[in-house]
>>> print(open('work.txt').read())   # compact mmCIF, C-alpha atoms
# COMPACT_ATOMS: atom_id res chain seq x y z
CA MET A 1 -244.11 8.56 -29.78
CA ASN A 2 -243.14 6.94 -26.50
CA GLU A 3 -240.52 4.33 -25.75
CA GLN A 4 -243.01 1.47 -25.78
CA ASN A 5 -244.30 1.98 -29.34
CA LEU A 6 -241.24 3.45 -31.04
CA THR A 7 -240.73 1.93 -34.49
CA VAL A 8 -238.82 2.86 -37.64
CA ARG A 9 -241.22 4.84 -39.79
CA GLY A 10 -239.07 5.26 -42.91
CA VAL A 11 -235.81 6.48 -44.35
CA SER A 12 -235.79 9.56 -42.11
CA ASP A 13 -235.60 7.40 -38.99
CA THR A 14 -232.78 5.29 -40.41
CA ALA A 15 -230.70 8.49 -40.49
CA ARG A 16 -230.92 8.65 -36.67
CA TRP A 17 -230.01 4.98 -36.51
CA VAL A 18 -226.87 5.53 -38.62
CA ALA A 19 -225.91 8.55 -36.49
CA TYR A 20 -225.98 6.25 -33.46
CA PHE A 21 -223.27 4.05 -35.00
CA ARG A 22 -221.11 7.09 -35.73
CA ALA A 23 -221.54 8.15 -32.10
CA MET A 24 -220.45 4.71 -30.88
CA GLU A 25 -217.36 4.68 -33.10
CA THR A 26 -216.43 8.16 -31.91
CA LYS A 27 -216.27 6.88 -28.33
CA ARG A 28 -213.54 4.35 -29.22
CA PRO A 29 -209.96 5.33 -28.30
CA ASN A 30 -208.87 4.11 -31.75
CA ALA A 31 -211.83 5.55 -33.68
CA LEU A 32 -211.58 5.54 -37.47
CA PHE A 33 -213.25 8.96 -37.46
CA ARG A 34 -214.48 11.47 -34.89
CA ASP A 35 -218.03 12.77 -35.14
CA PRO A 36 -218.76 14.82 -32.01
CA TYR A 37 -222.16 15.79 -33.48
CA ALA A 38 -223.46 12.25 -34.00
CA GLU A 39 -224.86 11.69 -30.51
CA ARG A 40 -226.93 14.87 -30.64
CA LEU A 41 -228.12 14.10 -34.17
CA ALA A 42 -229.10 10.52 -33.29
CA GLY A 43 -231.11 11.68 -30.30
CA PRO A 44 -232.86 9.24 -27.96
CA GLU A 45 -234.71 7.69 -30.90
CA GLY A 46 -231.51 6.68 -32.69
CA PHE A 47 -230.19 4.93 -29.59
CA HIS A 48 -233.53 3.24 -29.02
CA PHE A 49 -233.73 1.91 -32.59
CA ALA A 50 -230.27 0.36 -32.32
CA ASN A 51 -230.87 -1.23 -28.93
CA THR A 52 -234.42 -2.52 -29.28
CA LEU A 53 -234.95 -3.56 -32.92
CA ALA A 54 -234.02 -7.08 -33.97
CA ASP A 55 -230.39 -7.04 -35.15
CA GLY A 56 -230.37 -3.28 -34.45
CA ASN A 57 -226.80 -3.39 -33.18
CA LYS A 58 -225.56 -6.37 -35.15
CA HIS A 59 -224.04 -4.62 -38.17
CA GLU A 60 -222.20 -1.73 -36.57
CA TRP A 61 -219.05 -2.77 -38.46
CA ALA A 62 -220.73 -2.14 -41.82
CA TRP A 63 -221.99 1.35 -40.97
CA VAL A 64 -218.58 2.31 -39.60
CA ALA A 65 -216.72 0.94 -42.64
CA ARG A 66 -219.10 2.78 -44.97
CA THR A 67 -218.59 6.08 -43.19
CA TYR A 68 -214.81 5.63 -43.21
CA LEU A 69 -214.70 4.80 -46.94
CA PHE A 70 -216.91 7.74 -47.90
CA ASP A 71 -214.59 9.98 -45.86
CA GLN A 72 -211.58 8.61 -47.71
CA PHE A 73 -213.03 8.84 -51.20
CA LEU A 74 -214.37 12.35 -50.61
CA SER A 75 -210.94 13.42 -49.37
CA HIS A 76 -209.33 11.97 -52.49
CA ALA A 77 -211.72 13.87 -54.77
CA ILE A 78 -211.18 17.13 -52.87
CA GLN A 79 -207.41 16.66 -53.00
CA GLU A 80 -207.75 16.26 -56.77
CA GLY A 81 -209.39 19.67 -56.99
CA ALA A 82 -213.12 19.22 -56.40
CA ASP A 83 -214.57 22.61 -55.48
CA LEU A 84 -218.19 21.54 -54.89
CA VAL A 85 -219.52 18.53 -52.98
CA VAL A 86 -223.14 17.61 -53.66
CA ASN A 87 -224.37 15.27 -50.91
CA LEU A 88 -227.58 13.61 -52.09
CA ALA A 89 -229.78 12.19 -49.33
CA ALA A 90 -227.36 13.74 -46.83
CA GLY A 91 -229.33 12.51 -43.86
CA LEU A 92 -227.68 13.45 -40.57
CA ASP A 93 -224.16 13.51 -41.99
CA ALA A 94 -221.87 16.04 -40.29
CA ARG A 95 -218.85 15.95 -42.60
CA PRO A 96 -218.82 19.72 -43.29
CA TYR A 97 -218.38 20.19 -39.53
CA ARG A 98 -216.05 17.34 -38.62
CA MET A 99 -213.71 16.92 -41.61
CA ASN A 100 -210.63 19.01 -42.32
CA LEU A 101 -211.86 20.90 -45.39
CA PRO A 102 -210.73 23.95 -47.38
CA SER A 103 -212.67 27.02 -46.33
CA THR A 104 -213.26 27.78 -50.02
CA LEU A 105 -215.00 24.46 -50.64
CA GLN A 106 -218.70 24.57 -51.46
CA TRP A 107 -220.83 21.83 -49.90
CA VAL A 108 -224.51 21.28 -50.66
CA GLU A 109 -226.72 18.88 -48.72
CA VAL A 110 -229.92 17.69 -50.37
CA ASP A 111 -232.63 15.80 -48.52
CA LEU A 112 -236.29 15.72 -47.58
CA PRO A 113 -237.70 18.78 -45.77
CA GLU A 114 -238.21 17.05 -42.40
CA ILE A 115 -234.58 15.91 -42.26
CA ILE A 116 -233.26 19.32 -43.28
CA ALA A 117 -235.41 21.06 -40.65
CA TYR A 118 -234.39 18.66 -37.88
CA LYS A 119 -230.70 18.93 -38.74
CA GLU A 120 -230.74 22.71 -38.89
CA THR A 121 -232.32 22.80 -35.42
CA ILE A 122 -229.73 20.46 -33.87
CA LEU A 123 -226.73 22.17 -35.49
CA ALA A 124 -228.01 25.75 -35.26
CA ASN A 125 -225.12 26.91 -33.05
CA ASP A 126 -222.36 24.98 -34.84
CA LYS A 127 -220.17 26.32 -37.63
CA PRO A 128 -219.09 24.24 -40.64
CA HIS A 129 -215.51 24.37 -41.95
CA CYS A 130 -216.60 25.29 -45.48
CA HIS A 131 -219.46 27.05 -47.24
CA LEU A 132 -222.55 24.93 -46.54
CA GLU A 133 -225.95 25.10 -48.19
CA ARG A 134 -228.97 22.86 -47.63
CA ILE A 135 -231.73 22.18 -50.14
CA SER A 136 -235.04 20.45 -49.45
CA LEU A 137 -235.87 18.22 -52.41
CA ASP A 138 -237.39 14.83 -53.18
CA LEU A 139 -234.80 13.27 -55.50
CA SER A 140 -237.42 11.10 -57.18
CA GLY A 141 -238.64 14.27 -58.92
CA VAL A 142 -236.66 14.12 -62.17
CA PRO A 143 -237.27 17.64 -63.60
CA ALA A 144 -236.49 19.31 -60.25
CA ARG A 145 -233.24 17.42 -59.72
CA ARG A 146 -232.07 18.07 -63.28
CA GLU A 147 -232.68 21.78 -62.80
CA MET A 148 -230.76 21.65 -59.52
CA PHE A 149 -227.82 19.84 -61.13
CA ALA A 150 -227.70 22.45 -63.89
CA ARG A 151 -227.45 25.23 -61.30
CA PHE A 152 -224.56 23.46 -59.55
CA ASP A 153 -222.78 22.89 -62.85
CA ALA A 154 -222.84 26.61 -63.58
CA ARG A 155 -221.08 27.57 -60.36
CA ALA A 156 -218.27 24.99 -60.05
CA LYS A 157 -215.37 23.61 -62.04
CA LYS A 158 -215.10 20.16 -60.46
CA VAL A 159 -218.09 18.58 -58.75
CA VAL A 160 -218.09 15.41 -56.66
CA VAL A 161 -221.46 13.83 -55.83
CA ALA A 162 -221.93 11.59 -52.79
CA SER A 163 -225.02 9.42 -52.34
CA GLU A 164 -224.43 7.47 -49.16
CA GLY A 165 -227.21 5.03 -48.30
CA LEU A 166 -229.46 6.21 -51.13
CA LEU A 167 -229.34 3.90 -54.13
CA ILE A 168 -230.47 0.76 -52.32
CA TYR A 169 -233.95 2.30 -51.94
CA PHE A 170 -234.27 2.90 -55.71
CA THR A 171 -235.25 0.47 -58.45
CA THR A 172 -232.71 -0.42 -61.13
CA GLU A 173 -234.48 1.88 -63.58
CA GLU A 174 -234.48 4.76 -61.10
CA VAL A 175 -230.76 4.33 -60.41
CA GLY A 176 -230.03 4.30 -64.14
CA SER A 177 -232.01 7.50 -64.62
CA LEU A 178 -230.16 9.18 -61.74
CA ALA A 179 -226.79 7.98 -63.08
CA ALA A 180 -227.54 9.54 -66.47
CA ASP A 181 -228.68 12.80 -64.87
CA ILE A 182 -225.51 13.08 -62.77
CA ALA A 183 -223.32 12.32 -65.81
CA ALA A 184 -224.99 14.98 -67.97
CA PRO A 185 -223.57 18.21 -66.44
CA LYS A 186 -220.15 19.15 -67.81
CA HIS A 187 -218.39 19.68 -64.47
CA PHE A 188 -219.73 16.65 -62.58
CA GLU A 189 -216.59 14.49 -62.49
CA ASN A 190 -216.88 12.06 -59.55
CA TRP A 191 -219.70 10.15 -57.91
CA ILE A 192 -219.30 8.15 -54.69
CA VAL A 193 -221.85 5.39 -54.08
CA ASP A 194 -222.35 2.37 -51.86
CA LEU A 195 -223.53 -0.92 -53.34
CA ALA A 196 -224.71 -4.38 -52.33
CA SER A 197 -224.42 -7.52 -54.42
CA PRO A 198 -227.65 -9.42 -55.23
CA GLY A 199 -226.59 -12.07 -52.72
CA GLN A 200 -226.16 -9.51 -49.96
CA LEU A 201 -229.37 -7.72 -50.94
CA ARG A 202 -231.34 -10.94 -50.43
CA LEU A 203 -229.81 -11.38 -46.96
CA MET A 204 -230.64 -7.79 -46.03
CA GLN A 205 -234.20 -8.10 -47.30
CA ARG A 206 -234.76 -11.09 -44.99
CA THR A 207 -233.40 -9.38 -41.86
CA THR A 208 -233.36 -5.65 -41.16
CA GLY A 209 -234.78 -4.94 -44.60
CA LYS A 210 -238.03 -6.66 -43.69
CA GLN A 211 -238.70 -4.11 -40.96
CA LEU A 212 -237.77 -1.22 -43.22
CA SER A 213 -239.96 -2.56 -46.02
CA GLU A 214 -242.93 -2.51 -43.68
CA ALA A 215 -242.07 1.13 -42.96
CA GLY A 216 -242.04 2.02 -46.66
CA ALA A 217 -238.26 1.94 -47.06
CA ALA A 218 -237.68 -1.33 -48.91
CA PHE A 219 -234.23 -2.41 -50.12
CA LYS A 220 -234.37 -2.76 -53.92
CA PHE A 221 -231.07 -2.15 -55.70
CA GLY A 222 -228.32 -4.76 -55.89
CA PRO A 223 -227.01 -4.93 -59.48
CA PRO A 224 -225.56 -8.26 -60.71
CA GLN A 225 -222.90 -6.27 -62.60
CA GLY A 226 -221.64 -4.66 -59.40
CA PRO A 227 -219.78 -1.35 -59.96
CA ASP A 228 -219.76 -2.02 -63.71
CA PHE A 229 -223.51 -1.32 -63.73
CA PHE A 230 -222.64 2.36 -64.12
CA THR A 231 -220.40 2.06 -67.20
CA SER A 232 -223.31 2.22 -69.64
CA TYR A 233 -224.29 5.55 -68.07
CA GLY A 234 -220.91 7.17 -68.59
CA TRP A 235 -219.14 6.20 -65.36
CA GLU A 236 -215.98 4.17 -64.74
CA PRO A 237 -215.15 2.64 -61.33
CA LYS A 238 -211.99 4.38 -60.09
CA GLU A 239 -211.78 3.16 -56.48
CA VAL A 240 -213.70 0.18 -55.09
CA GLU A 241 -213.40 -1.15 -51.53
CA GLY A 242 -215.44 -3.81 -49.76
CA MET A 243 -216.88 -2.97 -46.37
CA LEU A 244 -216.07 -6.32 -44.77
CA LYS A 245 -212.48 -6.15 -46.00
CA THR A 246 -212.17 -2.63 -44.62
CA ALA A 247 -213.76 -3.58 -41.30
CA ALA A 248 -211.40 -6.54 -40.96
CA GLN A 249 -208.41 -4.32 -41.70
CA PHE A 250 -209.26 -2.21 -38.65
CA ASN A 251 -210.45 -5.05 -36.40
CA ARG A 252 -214.11 -4.10 -36.64
CA ALA A 253 -215.41 -7.19 -38.45
CA PRO A 254 -217.24 -9.90 -36.45
CA ALA A 255 -215.33 -13.17 -36.19
CA GLU A 256 -218.14 -15.20 -37.77
CA LEU A 257 -217.77 -13.27 -41.04
CA LEU A 258 -214.01 -13.50 -41.43
CA SER A 259 -214.38 -16.82 -43.25
CA LEU A 260 -215.77 -14.81 -46.18
CA LEU A 261 -212.36 -13.25 -46.72
CA PRO A 262 -210.49 -12.74 -48.94
CA GLU A 263 -213.08 -11.29 -51.29
CA PRO A 264 -213.28 -12.73 -54.83
CA LYS A 265 -210.95 -10.95 -57.25
CA ARG A 266 -213.83 -10.48 -59.66
CA PHE A 267 -217.29 -9.33 -58.62
CA SER A 268 -219.56 -12.30 -57.88
CA PRO A 269 -223.33 -11.65 -57.73
CA ASN A 270 -223.92 -14.42 -55.18
CA TYR A 271 -221.09 -13.40 -52.87
CA PRO A 272 -222.50 -11.37 -49.92
CA TRP A 273 -220.62 -8.17 -50.73
CA THR A 274 -221.19 -4.55 -49.79
CA GLY A 275 -218.79 -1.83 -50.80
CA VAL A 276 -218.13 1.80 -51.61
CA CYS A 277 -217.12 2.96 -55.08
CA ARG A 278 -215.73 6.19 -56.44
CA LEU A 279 -216.93 6.51 -60.01
CA LYS A 280 -215.16 8.77 -62.52
CA LYS A 281 -216.99 10.20 -65.50
CA ARG A 282 -215.56 8.88 -68.74
>>> encode(input="work.txt", output="structure tokens")
Amino acid sequence: MNEQNLTVRGVSDTARWVAYFRAMETKRPNALFRDPYAERLAGPEGFHFANTLADGNKHEWAWVARTYLFDQFLSHAIQEGADLVVNLAAGLDARPYRMNLPSTLQWVEVDLPEIIAYKETILANDKPHCHLERISLDLSGVPARREMFARFDARAKKVVVASEGLLIYFTTEEVGSLAADIAAPKHFENWIVDLASPGQLRLMQRTTGKQLSEAGAAFKFGPPQGPDFFTSYGWEPKEVEGMLKTAAQFNRAPAELLSLLPEPKRFSPNYPWTGVCRLKKR
């Protein structure tokens, strides 16, 4: 694929795109996080996507806020005693290498074979700060993921699951099925997710989402209940933070969006909201 005909082909390519935004934030003197691996992981393709696609660079604030909030919520869960992190659809995330983690912590990354292979090649000479394992698996395969969750449950006392950038590609029924499967194992206690409101989902589907839909990576999930969608599956929202609010707090939000603040006190389906939630099993 040359520079003239480079296009996003699916979810795997969006991982390079997201790595580009982490690389850009890392270059800031007041960076919210440091990811020295992001530039290598993004590669030339990641930089090209961001700088040539329509709106490719427009929403940097959202990607940065999401990364920061996942970092924070994962740290909170680990401080509370989590001994195993299960990162579903891990993409090109480098947290086991860049975060200050206990050496005894177990960390498992799950993703499609092509992403796992690419990542292992790029990071072959780097050492994570904890015990890291990678598993190639299509998470839409229900029996296989249930068997995998059962194995994890048998080897840990407190498990935290992270699914950054995953649920939006699933239907409501698929998310409900996954929520029930993650709630079933005894030691799965926390689940960190990112969400979009229906109003925000419609906006995304008309802009960047249109290109991704054509590449077979359509945006689908934006529950009208917001974080409360998960309560019927055994989960209770413990920490919820909006991305725009977080970006504004650290002077990352674009001026034209500041009029949307403050966020409504109660979740509003039509409000263009994206956020990160730490769910606790009830």
>>> closest_atom_pairs(input="work.txt", of="segment 164-255 of chain A", to="segment 90-110 of chain A", cutoff="9 Å", atoms="only C-alpha atoms", output="tab-separated table")
residue	atom	partner	partner_atom	distance
A:Glu164	CA	A:Ala90	CA	7.3
A:Gly165	CA	A:Ala90	CA	8.8
A:Leu166	CA	A:Ala90	CA	8.9
>>> atom_distance(input="work.txt", atom1="atom CA of Ala77 of chain A", atom2="atom CA of Asn190 of chain A")
7.3 Å
>>> closest_residue(input="work.txt", among="A:Leu178, A:Leu260, A:Val86, A:Leu195", to="Ala248 of chain A", atoms="all atoms listed in the file")
A:Leu260
>>> residues_around(input="work.txt", residues="Thr246 of chain A", least_positions_apart="5", cutoff="12 Å", atoms="all atoms listed in the file", output="ChimeraX atom specification")
/A:32,61-70,72,240-241,251-253,258,261-263,273-276
>>> write_last_selection(input="work.txt", atoms="C-alpha atoms", output="PDB file, in the frame of the given file")
ATOM      1  CA  LEU A  32    -211.580   5.540 -37.470  1.00  0.00           C
ATOM      2  CA  TRP A  61    -219.050  -2.770 -38.460  1.00  0.00           C
ATOM      3  CA  ALA A  62    -220.730  -2.140 -41.820  1.00  0.00           C
ATOM      4  CA  TRP A  63    -221.990   1.350 -40.970  1.00  0.00           C
ATOM      5  CA  VAL A  64    -218.580   2.310 -39.600  1.00  0.00           C
ATOM      6  CA  ALA A  65    -216.720   0.940 -42.640  1.00  0.00           C
ATOM      7  CA  ARG A  66    -219.100   2.780 -44.970  1.00  0.00           C
ATOM      8  CA  THR A  67    -218.590   6.080 -43.190  1.00  0.00           C
ATOM      9  CA  TYR A  68    -214.810   5.630 -43.210  1.00  0.00           C
ATOM     10  CA  LEU A  69    -214.700   4.800 -46.940  1.00  0.00           C
ATOM     11  CA  PHE A  70    -216.910   7.740 -47.900  1.00  0.00           C
ATOM     12  CA  GLN A  72    -211.580   8.610 -47.710  1.00  0.00           C
ATOM     13  CA  VAL A 240    -213.700   0.180 -55.090  1.00  0.00           C
ATOM     14  CA  GLU A 241    -213.400  -1.150 -51.530  1.00  0.00           C
ATOM     15  CA  ASN A 251    -210.450  -5.050 -36.400  1.00  0.00           C
ATOM     16  CA  ARG A 252    -214.110  -4.100 -36.640  1.00  0.00           C
ATOM     17  CA  ALA A 253    -215.410  -7.190 -38.450  1.00  0.00           C
ATOM     18  CA  LEU A 258    -214.010 -13.500 -41.430  1.00  0.00           C
ATOM     19  CA  LEU A 261    -212.360 -13.250 -46.720  1.00  0.00           C
ATOM     20  CA  PRO A 262    -210.490 -12.740 -48.940  1.00  0.00           C
ATOM     21  CA  GLU A 263    -213.080 -11.290 -51.290  1.00  0.00           C
ATOM     22  CA  TRP A 273    -220.620  -8.170 -50.730  1.00  0.00           C
ATOM     23  CA  THR A 274    -221.190  -4.550 -49.790  1.00  0.00           C
ATOM     24  CA  GLY A 275    -218.790  -1.830 -50.800  1.00  0.00           C
ATOM     25  CA  VAL A 276    -218.130   1.800 -51.610  1.00  0.00           C
TER      26      VAL A 276
END
>>> atom_distance(input="work.txt", atom1="atom CA of Ala255 of chain A", atom2="atom CA of Ala42 of chain A")
27.6 Å
>>> decode(input="work.txt", residues="segment 222-240 of chain A", atoms="N, CA and C atoms", output="short mmCIF file (atom, residue, chain, number, x, y, z; two decimals), in the first residue's frame")
data_model
loop_
_atom_site.label_atom_id
_atom_site.label_comp_id
_atom_site.auth_asym_id
_atom_site.auth_seq_id
_atom_site.Cartn_x
_atom_site.Cartn_y
_atom_site.Cartn_z
N GLY A 222 -24.47 2.91 21.28
CA GLY A 222 -24.60 4.14 22.04
C GLY A 222 -25.88 4.04 22.85
N PRO A 223 -25.86 3.41 24.02
CA PRO A 223 -27.09 3.10 24.75
C PRO A 223 -27.79 4.33 25.31
N PRO A 224 -29.11 4.44 25.16
CA PRO A 224 -29.84 5.58 25.72
C PRO A 224 -29.80 5.63 27.24
N GLN A 225 -29.51 4.50 27.89
CA GLN A 225 -29.41 4.47 29.35
C GLN A 225 -28.06 4.96 29.85
N GLY A 226 -27.10 5.14 28.95
CA GLY A 226 -25.76 5.50 29.38
C GLY A 226 -25.12 4.40 30.20
N PRO A 227 -24.32 4.74 31.22
CA PRO A 227 -23.67 3.72 32.05
C PRO A 227 -24.64 2.77 32.73
N ASP A 228 -25.88 3.21 32.94
CA ASP A 228 -26.86 2.34 33.60
C ASP A 228 -27.29 1.18 32.72
N PHE A 229 -26.89 1.19 31.45
CA PHE A 229 -27.18 0.03 30.58
C PHE A 229 -26.70 -1.26 31.22
N PHE A 230 -25.59 -1.20 31.94
CA PHE A 230 -24.93 -2.41 32.43
C PHE A 230 -25.53 -2.96 33.73
N THR A 231 -26.42 -2.21 34.36
CA THR A 231 -26.93 -2.65 35.66
C THR A 231 -27.72 -3.95 35.55
N SER A 232 -28.44 -4.14 34.47
CA SER A 232 -29.23 -5.38 34.32
C SER A 232 -28.35 -6.59 34.06
N TYR A 233 -27.07 -6.37 33.83
CA TYR A 233 -26.13 -7.47 33.60
C TYR A 233 -25.21 -7.70 34.81
N GLY A 234 -25.52 -7.05 35.91
CA GLY A 234 -24.78 -7.29 37.14
C GLY A 234 -23.69 -6.28 37.45
N TRP A 235 -23.69 -5.13 36.76
CA TRP A 235 -22.65 -4.13 36.94
C TRP A 235 -23.23 -2.82 37.46
N GLU A 236 -22.46 -2.15 38.31
CA GLU A 236 -22.86 -0.85 38.84
C GLU A 236 -21.79 0.18 38.51
N PRO A 237 -22.16 1.32 37.92
CA PRO A 237 -21.16 2.36 37.63
C PRO A 237 -20.52 2.87 38.92
N LYS A 238 -19.20 2.79 39.01
CA LYS A 238 -18.48 3.23 40.20
C LYS A 238 -17.79 4.57 39.97
N GLU A 239 -17.18 4.74 38.81
CA GLU A 239 -16.56 6.00 38.43
C GLU A 239 -16.97 6.31 36.99
N VAL A 240 -17.43 7.52 36.75
CA VAL A 240 -17.84 7.94 35.41
C VAL A 240 -17.29 9.35 35.17
#
